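The file input00.cif comes next; it holds mmCIF, N, CA and C atoms.
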```cif
data_protein
#
loop_
_atom_site.label_atom_id
_atom_site.label_comp_id
_atom_site.auth_asym_id
_atom_site.auth_seq_id
_atom_site.Cartn_x
_atom_site.Cartn_y
_atom_site.Cartn_z
N MET P 1 -1.23 -5.53 12.14
CA MET P 1 -0.64 -4.41 12.81
C MET P 1 0.23 -4.88 13.96
N ALA P 2 1.31 -4.20 14.16
CA ALA P 2 2.23 -4.58 15.23
C ALA P 2 1.64 -4.19 16.58
N ARG P 3 1.90 -4.97 17.58
CA ARG P 3 1.45 -4.68 18.93
C ARG P 3 2.63 -4.20 19.74
N HIS P 4 2.36 -3.34 20.70
CA HIS P 4 3.41 -2.88 21.59
C HIS P 4 3.74 -3.99 22.58
N ILE P 5 5.00 -4.25 22.79
CA ILE P 5 5.39 -5.30 23.73
C ILE P 5 6.00 -4.73 24.99
N GLY P 6 5.95 -3.44 25.14
CA GLY P 6 6.43 -2.84 26.37
C GLY P 6 7.92 -2.56 26.38
N ILE P 7 8.55 -2.54 25.22
CA ILE P 7 9.99 -2.29 25.17
C ILE P 7 10.25 -1.13 24.21
N ARG P 8 11.05 -0.18 24.64
CA ARG P 8 11.43 0.94 23.80
C ARG P 8 12.93 0.89 23.56
N ARG P 9 13.35 1.38 22.41
CA ARG P 9 14.78 1.43 22.13
C ARG P 9 15.30 2.83 22.40
N LYS P 10 16.47 2.89 22.97
CA LYS P 10 17.11 4.17 23.28
C LYS P 10 18.46 4.19 22.56
N LYS P 11 18.70 5.26 21.80
CA LYS P 11 19.97 5.38 21.08
C LYS P 11 21.07 5.83 22.03
N THR P 12 22.22 5.19 21.91
CA THR P 12 23.41 5.64 22.63
C THR P 12 24.57 5.60 21.65
N HIS P 13 25.56 6.39 21.89
CA HIS P 13 26.74 6.37 21.03
C HIS P 13 27.66 5.25 21.50
N GLY P 14 28.11 4.47 20.55
CA GLY P 14 28.99 3.33 20.87
C GLY P 14 30.40 3.78 21.18
N SER P 15 31.24 2.83 21.46
CA SER P 15 32.63 3.13 21.81
C SER P 15 33.41 3.59 20.59
N GLN P 16 32.95 3.20 19.38
CA GLN P 16 33.63 3.63 18.16
C GLN P 16 32.89 4.83 17.58
N PRO P 17 33.63 5.81 17.05
CA PRO P 17 32.98 6.99 16.47
C PRO P 17 32.04 6.60 15.33
N GLY P 18 30.88 7.22 15.29
CA GLY P 18 29.92 6.96 14.20
C GLY P 18 29.07 5.73 14.39
N ILE P 19 29.24 4.98 15.47
CA ILE P 19 28.47 3.76 15.72
C ILE P 19 27.40 4.07 16.77
N LEU P 20 26.18 3.72 16.46
CA LEU P 20 25.10 3.88 17.43
C LEU P 20 24.71 2.51 17.97
N ASN P 21 24.53 2.42 19.24
CA ASN P 21 24.06 1.19 19.88
C ASN P 21 22.64 1.44 20.38
N TYR P 22 21.88 0.38 20.50
CA TYR P 22 20.53 0.49 21.03
C TYR P 22 20.47 -0.24 22.36
N ILE P 23 19.93 0.42 23.36
CA ILE P 23 19.71 -0.19 24.66
C ILE P 23 18.21 -0.38 24.80
N MET P 24 17.81 -1.58 25.14
CA MET P 24 16.39 -1.86 25.31
C MET P 24 15.97 -1.41 26.71
N THR P 25 15.00 -0.50 26.75
CA THR P 25 14.48 -0.04 28.03
C THR P 25 13.04 -0.51 28.17
N ARG P 26 12.62 -0.85 29.36
CA ARG P 26 11.27 -1.33 29.59
C ARG P 26 10.35 -0.18 30.03
N ARG P 27 9.10 -0.26 29.60
CA ARG P 27 8.11 0.70 30.05
C ARG P 27 7.76 0.39 31.49
N PRO P 28 7.31 1.39 32.22
CA PRO P 28 6.90 1.11 33.60
C PRO P 28 5.69 0.19 33.61
N LEU P 29 5.59 -0.63 34.64
CA LEU P 29 4.48 -1.55 34.78
C LEU P 29 3.23 -0.77 35.18
N SER P 30 2.06 -1.26 34.77
CA SER P 30 0.80 -0.64 35.18
C SER P 30 -0.10 -1.72 35.76
N GLN P 31 -1.12 -1.30 36.45
CA GLN P 31 -2.03 -2.23 37.12
C GLN P 31 -3.00 -2.84 36.11
N CYS P 32 -3.37 -4.09 36.33
CA CYS P 32 -4.35 -4.79 35.50
C CYS P 32 -5.63 -3.97 35.44
N ASN P 33 -6.28 -3.96 34.26
CA ASN P 33 -7.51 -3.18 34.07
C ASN P 33 -8.72 -3.77 34.77
N HIS P 34 -8.64 -5.01 35.24
CA HIS P 34 -9.77 -5.64 35.91
C HIS P 34 -9.98 -4.99 37.28
N ALA P 35 -11.22 -4.65 37.58
CA ALA P 35 -11.54 -3.96 38.84
C ALA P 35 -11.08 -4.80 40.04
N GLY P 36 -10.28 -4.18 40.89
CA GLY P 36 -9.85 -4.84 42.12
C GLY P 36 -8.58 -5.66 42.00
N CYS P 37 -8.09 -5.91 40.79
CA CYS P 37 -6.88 -6.71 40.61
C CYS P 37 -5.66 -5.81 40.79
N THR P 38 -4.69 -6.28 41.54
CA THR P 38 -3.49 -5.48 41.80
C THR P 38 -2.27 -5.99 41.04
N ALA P 39 -2.47 -6.96 40.15
CA ALA P 39 -1.35 -7.51 39.37
C ALA P 39 -0.78 -6.43 38.46
N LEU P 40 0.53 -6.45 38.26
CA LEU P 40 1.19 -5.50 37.38
C LEU P 40 1.43 -6.13 36.02
N VAL P 41 1.21 -5.35 34.96
CA VAL P 41 1.37 -5.84 33.59
C VAL P 41 2.23 -4.87 32.79
N GLN P 42 2.85 -5.36 31.73
CA GLN P 42 3.60 -4.50 30.81
C GLN P 42 2.62 -3.68 30.00
N GLY P 43 2.85 -2.42 29.86
CA GLY P 43 1.96 -1.57 29.06
C GLY P 43 0.61 -1.43 29.73
N HIS P 44 -0.45 -1.56 28.94
CA HIS P 44 -1.80 -1.43 29.47
C HIS P 44 -2.56 -2.70 29.11
N GLY P 45 -3.52 -3.07 29.92
CA GLY P 45 -4.33 -4.23 29.63
C GLY P 45 -4.59 -5.06 30.86
N TYR P 46 -4.78 -6.35 30.63
CA TYR P 46 -5.13 -7.27 31.69
C TYR P 46 -3.97 -8.21 32.01
N CYS P 47 -3.97 -8.72 33.23
CA CYS P 47 -3.02 -9.77 33.59
C CYS P 47 -3.48 -11.06 32.87
N PRO P 48 -2.64 -12.10 32.80
CA PRO P 48 -3.02 -13.32 32.08
C PRO P 48 -4.34 -13.93 32.54
N VAL P 49 -4.61 -13.91 33.84
CA VAL P 49 -5.85 -14.50 34.36
C VAL P 49 -7.06 -13.73 33.85
N HIS P 50 -7.01 -12.42 33.95
CA HIS P 50 -8.16 -11.61 33.55
C HIS P 50 -8.24 -11.42 32.04
N GLN P 51 -7.14 -11.58 31.33
CA GLN P 51 -7.17 -11.53 29.87
C GLN P 51 -8.03 -12.67 29.34
N ARG P 52 -7.82 -13.87 29.85
CA ARG P 52 -8.63 -15.03 29.45
C ARG P 52 -10.09 -14.80 29.82
N GLN P 53 -10.33 -14.30 31.02
CA GLN P 53 -11.70 -14.07 31.48
C GLN P 53 -12.38 -13.01 30.60
N SER P 54 -11.66 -11.96 30.25
CA SER P 54 -12.20 -10.91 29.41
C SER P 54 -12.58 -11.46 28.03
N GLU P 55 -11.71 -12.29 27.46
CA GLU P 55 -11.99 -12.90 26.15
C GLU P 55 -13.18 -13.83 26.23
N GLN P 56 -13.30 -14.61 27.31
CA GLN P 56 -14.44 -15.52 27.48
C GLN P 56 -15.74 -14.74 27.62
N ASP P 57 -15.71 -13.66 28.39
CA ASP P 57 -16.90 -12.83 28.57
C ASP P 57 -17.36 -12.23 27.25
N ARG P 58 -16.40 -11.75 26.46
CA ARG P 58 -16.72 -11.16 25.16
C ARG P 58 -17.31 -12.22 24.22
N ARG P 59 -16.72 -13.42 24.23
CA ARG P 59 -17.23 -14.50 23.38
C ARG P 59 -18.65 -14.91 23.78
N GLN P 60 -18.91 -14.99 25.10
CA GLN P 60 -20.25 -15.34 25.58
C GLN P 60 -21.27 -14.27 25.18
N ALA P 61 -20.86 -13.00 25.23
CA ALA P 61 -21.76 -11.92 24.83
C ALA P 61 -22.10 -12.03 23.35
N PHE P 62 -21.09 -12.32 22.50
CA PHE P 62 -21.35 -12.50 21.07
C PHE P 62 -22.26 -13.70 20.84
N ASP P 63 -22.02 -14.80 21.55
CA ASP P 63 -22.84 -16.00 21.39
C ASP P 63 -24.29 -15.71 21.76
N LYS P 64 -24.49 -14.97 22.84
CA LYS P 64 -25.85 -14.62 23.28
C LYS P 64 -26.56 -13.80 22.21
N LEU P 65 -25.86 -12.83 21.63
CA LEU P 65 -26.45 -12.00 20.58
C LEU P 65 -26.67 -12.79 19.30
N GLU P 66 -25.78 -13.73 19.02
CA GLU P 66 -25.90 -14.54 17.81
C GLU P 66 -27.13 -15.44 17.86
N ASP P 67 -27.54 -15.84 19.06
CA ASP P 67 -28.74 -16.66 19.21
C ASP P 67 -30.00 -15.92 18.78
N MET P 68 -29.94 -14.59 18.73
CA MET P 68 -31.09 -13.78 18.35
C MET P 68 -31.22 -13.62 16.84
N VAL P 69 -30.26 -14.12 16.08
CA VAL P 69 -30.24 -13.97 14.63
C VAL P 69 -31.24 -14.94 14.00
N SER P 70 -32.04 -14.42 13.07
CA SER P 70 -33.04 -15.26 12.39
C SER P 70 -32.35 -16.18 11.38
N PRO P 71 -33.03 -17.27 10.99
CA PRO P 71 -32.43 -18.17 9.97
C PRO P 71 -32.13 -17.46 8.66
N GLU P 72 -32.99 -16.49 8.29
CA GLU P 72 -32.75 -15.73 7.06
C GLU P 72 -31.47 -14.92 7.16
N GLN P 73 -31.26 -14.26 8.30
CA GLN P 73 -30.04 -13.48 8.51
C GLN P 73 -28.82 -14.40 8.52
N ARG P 74 -28.95 -15.55 9.15
CA ARG P 74 -27.84 -16.51 9.21
C ARG P 74 -27.42 -16.93 7.81
N ARG P 75 -28.42 -17.23 6.95
CA ARG P 75 -28.11 -17.60 5.56
C ARG P 75 -27.39 -16.47 4.84
N PHE P 76 -27.87 -15.23 5.04
CA PHE P 76 -27.25 -14.09 4.39
C PHE P 76 -25.80 -13.93 4.84
N TYR P 77 -25.54 -13.96 6.15
CA TYR P 77 -24.19 -13.73 6.67
C TYR P 77 -23.23 -14.87 6.37
N GLN P 78 -23.77 -16.04 6.01
CA GLN P 78 -22.90 -17.16 5.63
C GLN P 78 -22.75 -17.29 4.12
N SER P 79 -23.37 -16.37 3.37
CA SER P 79 -23.31 -16.45 1.90
C SER P 79 -21.96 -15.97 1.37
N GLN P 80 -21.64 -16.44 0.17
CA GLN P 80 -20.40 -16.04 -0.47
C GLN P 80 -20.44 -14.55 -0.84
N ALA P 81 -21.62 -14.07 -1.22
CA ALA P 81 -21.75 -12.65 -1.59
C ALA P 81 -21.41 -11.75 -0.40
N TRP P 82 -21.90 -12.11 0.82
CA TRP P 82 -21.59 -11.29 2.00
C TRP P 82 -20.11 -11.39 2.34
N THR P 83 -19.54 -12.57 2.24
CA THR P 83 -18.12 -12.74 2.55
C THR P 83 -17.27 -11.86 1.65
N GLN P 84 -17.58 -11.84 0.37
CA GLN P 84 -16.83 -11.02 -0.57
C GLN P 84 -17.04 -9.53 -0.30
N ALA P 85 -18.29 -9.12 -0.06
CA ALA P 85 -18.57 -7.71 0.21
C ALA P 85 -17.88 -7.25 1.49
N SER P 86 -17.89 -8.10 2.50
CA SER P 86 -17.25 -7.77 3.77
C SER P 86 -15.75 -7.61 3.60
N ARG P 87 -15.12 -8.53 2.91
CA ARG P 87 -13.67 -8.44 2.68
C ARG P 87 -13.31 -7.21 1.87
N LEU P 88 -14.09 -6.93 0.84
CA LEU P 88 -13.84 -5.76 0.00
C LEU P 88 -13.98 -4.48 0.82
N HIS P 89 -15.01 -4.42 1.66
CA HIS P 89 -15.21 -3.22 2.48
C HIS P 89 -14.06 -3.03 3.46
N ARG P 90 -13.61 -4.12 4.10
CA ARG P 90 -12.49 -4.00 5.05
C ARG P 90 -11.19 -3.64 4.34
N SER P 91 -11.03 -4.02 3.07
CA SER P 91 -9.82 -3.62 2.35
C SER P 91 -9.85 -2.12 2.05
N ARG P 92 -11.05 -1.57 1.86
CA ARG P 92 -11.20 -0.13 1.61
C ARG P 92 -11.14 0.69 2.91
N GLU P 93 -11.66 0.10 3.98
CA GLU P 93 -11.71 0.79 5.27
C GLU P 93 -11.14 -0.16 6.34
N PRO P 94 -9.81 -0.23 6.45
CA PRO P 94 -9.18 -1.23 7.33
C PRO P 94 -9.22 -0.90 8.82
N LEU P 95 -9.56 0.35 9.18
CA LEU P 95 -9.58 0.74 10.59
C LEU P 95 -11.02 0.85 11.09
N CYS P 96 -11.18 0.62 12.39
CA CYS P 96 -12.49 0.77 13.02
C CYS P 96 -12.93 2.23 12.89
N ARG P 97 -14.09 2.43 12.32
CA ARG P 97 -14.59 3.78 12.07
C ARG P 97 -14.85 4.54 13.38
N ARG P 98 -15.42 3.87 14.36
CA ARG P 98 -15.77 4.53 15.63
C ARG P 98 -14.50 4.89 16.42
N CYS P 99 -13.54 3.97 16.46
CA CYS P 99 -12.29 4.26 17.17
C CYS P 99 -11.53 5.39 16.47
N LYS P 100 -11.52 5.36 15.16
CA LYS P 100 -10.82 6.39 14.38
C LYS P 100 -11.42 7.77 14.66
N ALA P 101 -12.74 7.83 14.87
CA ALA P 101 -13.41 9.10 15.14
C ALA P 101 -12.97 9.72 16.47
N ILE P 102 -12.52 8.88 17.41
CA ILE P 102 -12.05 9.42 18.69
C ILE P 102 -10.53 9.40 18.80
N GLY P 103 -9.86 9.17 17.66
CA GLY P 103 -8.41 9.28 17.62
C GLY P 103 -7.64 8.01 17.90
N LYS P 104 -8.31 6.86 18.00
CA LYS P 104 -7.62 5.59 18.21
C LYS P 104 -7.40 4.91 16.87
N ILE P 105 -6.28 4.24 16.74
CA ILE P 105 -5.98 3.49 15.53
C ILE P 105 -6.12 2.00 15.86
N ILE P 106 -7.28 1.43 15.53
CA ILE P 106 -7.58 0.02 15.83
C ILE P 106 -8.02 -0.65 14.53
N ALA P 107 -7.47 -1.83 14.25
CA ALA P 107 -7.83 -2.56 13.04
C ALA P 107 -9.28 -3.04 13.12
N ALA P 108 -9.99 -2.92 12.02
CA ALA P 108 -11.37 -3.41 11.95
C ALA P 108 -11.36 -4.93 11.91
N GLN P 109 -12.29 -5.55 12.61
CA GLN P 109 -12.37 -7.00 12.65
C GLN P 109 -13.67 -7.50 12.05
N CYS P 110 -14.63 -6.62 11.82
CA CYS P 110 -15.89 -7.04 11.22
C CYS P 110 -16.53 -5.85 10.50
N VAL P 111 -17.57 -6.15 9.74
CA VAL P 111 -18.30 -5.13 9.00
C VAL P 111 -19.73 -5.13 9.53
N HIS P 112 -20.24 -3.95 9.83
CA HIS P 112 -21.55 -3.80 10.45
C HIS P 112 -22.49 -3.05 9.51
N HIS P 113 -23.76 -3.48 9.48
CA HIS P 113 -24.76 -2.76 8.70
C HIS P 113 -25.28 -1.57 9.51
N ASN P 114 -25.33 -0.41 8.88
CA ASN P 114 -25.89 0.77 9.53
C ASN P 114 -26.74 1.52 8.52
N PRO P 115 -28.06 1.43 8.52
CA PRO P 115 -28.93 0.80 9.51
C PRO P 115 -28.84 -0.72 9.47
N CYS P 116 -29.48 -1.36 10.44
CA CYS P 116 -29.34 -2.82 10.60
C CYS P 116 -29.92 -3.57 9.39
N TYR P 117 -29.51 -4.81 9.28
CA TYR P 117 -29.90 -5.67 8.15
C TYR P 117 -31.43 -5.74 8.01
N THR P 118 -32.15 -5.94 9.11
CA THR P 118 -33.61 -6.09 9.03
C THR P 118 -34.27 -4.82 8.49
N THR P 119 -33.76 -3.66 8.86
CA THR P 119 -34.30 -2.40 8.35
C THR P 119 -34.04 -2.28 6.86
N LEU P 120 -32.82 -2.59 6.44
CA LEU P 120 -32.49 -2.54 5.01
C LEU P 120 -33.38 -3.49 4.21
N HIS P 121 -33.53 -4.70 4.72
CA HIS P 121 -34.33 -5.72 4.04
C HIS P 121 -35.80 -5.28 3.95
N ALA P 122 -36.33 -4.73 5.04
CA ALA P 122 -37.73 -4.28 5.06
C ALA P 122 -37.97 -3.14 4.08
N GLN P 123 -36.96 -2.29 3.87
CA GLN P 123 -37.10 -1.16 2.95
C GLN P 123 -36.74 -1.52 1.51
N GLY P 124 -36.35 -2.77 1.29
CA GLY P 124 -36.02 -3.23 -0.06
C GLY P 124 -34.66 -2.74 -0.55
N LEU P 125 -33.79 -2.33 0.37
CA LEU P 125 -32.46 -1.85 0.00
C LEU P 125 -31.46 -3.01 0.03
N SER P 126 -30.40 -2.89 -0.74
CA SER P 126 -29.39 -3.93 -0.80
C SER P 126 -28.51 -3.91 0.44
N ALA P 127 -28.44 -5.04 1.12
CA ALA P 127 -27.59 -5.16 2.32
C ALA P 127 -26.12 -5.26 1.95
N LEU P 128 -25.83 -5.38 0.67
CA LEU P 128 -24.44 -5.47 0.21
C LEU P 128 -23.90 -4.11 -0.26
N ASP P 129 -24.75 -3.10 -0.28
CA ASP P 129 -24.34 -1.77 -0.73
C ASP P 129 -23.36 -1.17 0.28
N ASP P 130 -22.24 -0.70 -0.23
CA ASP P 130 -21.15 -0.16 0.61
C ASP P 130 -21.59 1.06 1.43
N ARG P 131 -22.63 1.77 0.97
CA ARG P 131 -23.11 2.96 1.70
C ARG P 131 -23.67 2.61 3.07
N TYR P 132 -24.11 1.37 3.24
CA TYR P 132 -24.74 0.96 4.50
C TYR P 132 -23.82 0.11 5.37
N LEU P 133 -22.55 0.08 5.05
CA LEU P 133 -21.60 -0.75 5.79
C LEU P 133 -20.58 0.13 6.51
N GLU P 134 -20.13 -0.34 7.67
CA GLU P 134 -19.05 0.34 8.37
C GLU P 134 -18.14 -0.70 9.02
N SER P 135 -16.85 -0.48 8.93
CA SER P 135 -15.86 -1.36 9.55
C SER P 135 -15.76 -1.04 11.03
N LEU P 136 -15.79 -2.08 11.87
CA LEU P 136 -15.71 -1.89 13.31
C LEU P 136 -14.78 -2.93 13.93
N CYS P 137 -14.20 -2.58 15.07
CA CYS P 137 -13.47 -3.57 15.86
C CYS P 137 -14.51 -4.36 16.65
N ASN P 138 -14.13 -5.49 17.22
CA ASN P 138 -15.09 -6.32 17.96
C ASN P 138 -15.70 -5.58 19.14
N ARG P 139 -14.92 -4.76 19.82
CA ARG P 139 -15.44 -4.02 20.98
C ARG P 139 -16.56 -3.06 20.56
N CYS P 140 -16.34 -2.28 19.51
CA CYS P 140 -17.36 -1.33 19.05
C CYS P 140 -18.58 -2.07 18.47
N HIS P 141 -18.33 -3.18 17.78
CA HIS P 141 -19.43 -3.95 17.21
C HIS P 141 -20.32 -4.52 18.30
N LEU P 142 -19.70 -5.07 19.33
CA LEU P 142 -20.46 -5.63 20.44
C LEU P 142 -21.26 -4.53 21.14
N ALA P 143 -20.66 -3.37 21.34
CA ALA P 143 -21.37 -2.25 21.97
C ALA P 143 -22.56 -1.82 21.11
N GLU P 144 -22.40 -1.80 19.80
CA GLU P 144 -23.49 -1.43 18.90
C GLU P 144 -24.61 -2.46 18.95
N LEU P 145 -24.27 -3.74 18.93
CA LEU P 145 -25.29 -4.79 18.98
C LEU P 145 -26.05 -4.75 20.30
N ARG P 146 -25.33 -4.53 21.39
CA ARG P 146 -26.00 -4.44 22.69
C ARG P 146 -26.97 -3.26 22.72
N ALA P 147 -26.54 -2.13 22.19
CA ALA P 147 -27.40 -0.94 22.17
C ALA P 147 -28.64 -1.18 21.31
N MET P 148 -28.47 -1.87 20.19
CA MET P 148 -29.61 -2.16 19.31
C MET P 148 -30.63 -3.06 20.00
N HIS P 149 -30.15 -4.06 20.71
CA HIS P 149 -31.05 -5.02 21.35
C HIS P 149 -31.67 -4.48 22.64
N ARG P 150 -31.08 -3.42 23.20
CA ARG P 150 -31.68 -2.79 24.38
C ARG P 150 -32.88 -1.96 23.98
N GLY P 151 -32.87 -1.50 22.73
CA GLY P 151 -34.02 -0.70 22.30
C GLY P 151 -33.59 0.57 21.78
#
```
Rewrite the coordinates I just gave you, this time as structure tokens.
Amino acid sequence: MARHIGIRRKKTHGSQPGILNYIMTRRPLSQCNHAGCTALVQGHGYCPVHQRQSEQDRRQAFDKLEDMVSPEQRRFYQSQAWTQASRLHRSREPLCRRCKAIGKIIAAQCVHHNPCYTTLHAQGLSALDDRYLESLCNRCHLAELRAMHRG
């Protein structure tokens, strides 16, 4: 999916009849999303310093949650069957389901079991069944995993 780069095109009539020219106009700058930072950025988001920090924080959170995965779950998620099922599901549902429900159009980056893998396994249900899968972006997936581990 294309990302916004903070530039809009504006149509103007050229000097010759029937010719349209495009003038590139910039969006107004906005403040970095990091609390207390006053840096200005194009569009919405973080300044370069806090963008890296945000990505590192997200990666550390995923690593912490990944340490809680059992060896059995690790084998399942690294299997060829899961890789194929995950890719097939994302081809059918390419957008994050949770973001789409609130009107955002965000590409899905992972596939999540709902209910969780351990519940499906305990009930003897197939963890590869499409009925128990949902496409999520990393932000929604991390929020779901945190909520699950909180209780």
Tell me, in Å to one decimal, how far atom CA of Ser126 of chain P is from atom CA of Met68 of chain P.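 We find that atom CA of Ser126 of chain P and atom CA of Met68 of chain P lie 21.6 Å from each other.
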Selection near Cys99 of chain P, 8 Å with only N, CA and C atoms, sequence-local residues under 5 positions removed, as a CSV table (one decimal) with N, CA and C atoms, in the coordinates of the input:
```csv
chain,number,residue,atom,x,y,z
P,104,LYS,N,-8.3,6.9,18.0
P,104,LYS,CA,-7.6,5.6,18.2
P,104,LYS,C,-7.4,4.9,16.9
P,105,ILE,N,-6.3,4.2,16.7
P,105,ILE,CA,-6.0,3.5,15.5
P,105,ILE,C,-6.1,2.0,15.9
P,106,ILE,N,-7.3,1.4,15.5
P,106,ILE,CA,-7.6,0.0,15.8
P,106,ILE,C,-8.0,-0.6,14.5
P,135,SER,N,-16.8,-0.5,8.9
P,135,SER,CA,-15.9,-1.4,9.6
P,135,SER,C,-15.8,-1.0,11.0
P,136,LEU,N,-15.8,-2.1,11.9
P,136,LEU,CA,-15.7,-1.9,13.3
P,136,LEU,C,-14.8,-2.9,13.9
P,137,CYS,N,-14.2,-2.6,15.1
P,137,CYS,CA,-13.5,-3.6,15.9
P,137,CYS,C,-14.5,-4.4,16.6
P,140,CYS,N,-16.3,-2.3,19.5
P,140,CYS,CA,-17.4,-1.3,19.0
P,140,CYS,C,-18.6,-2.1,18.5
```
What residues in segment 31-81 of chain P get the DSSP label strand (DSSP E or B)? Please answer as a list in words. Gln31, Leu40, Val41 and Gln42 of chain P
For atom C of Asn138 of chain P and atom C of Thr119 of chain P, quote the distance in Å rounded to one decimal.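 Result for atom C of Asn138 of chain P versus atom C of Thr119 of chain P: 22.3 Å, one decimal.
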For atom CA of Glu55 of chain P and atom C of Ile102 of chain P, the interatomic separation in Å (one decimal): 23.5 Å
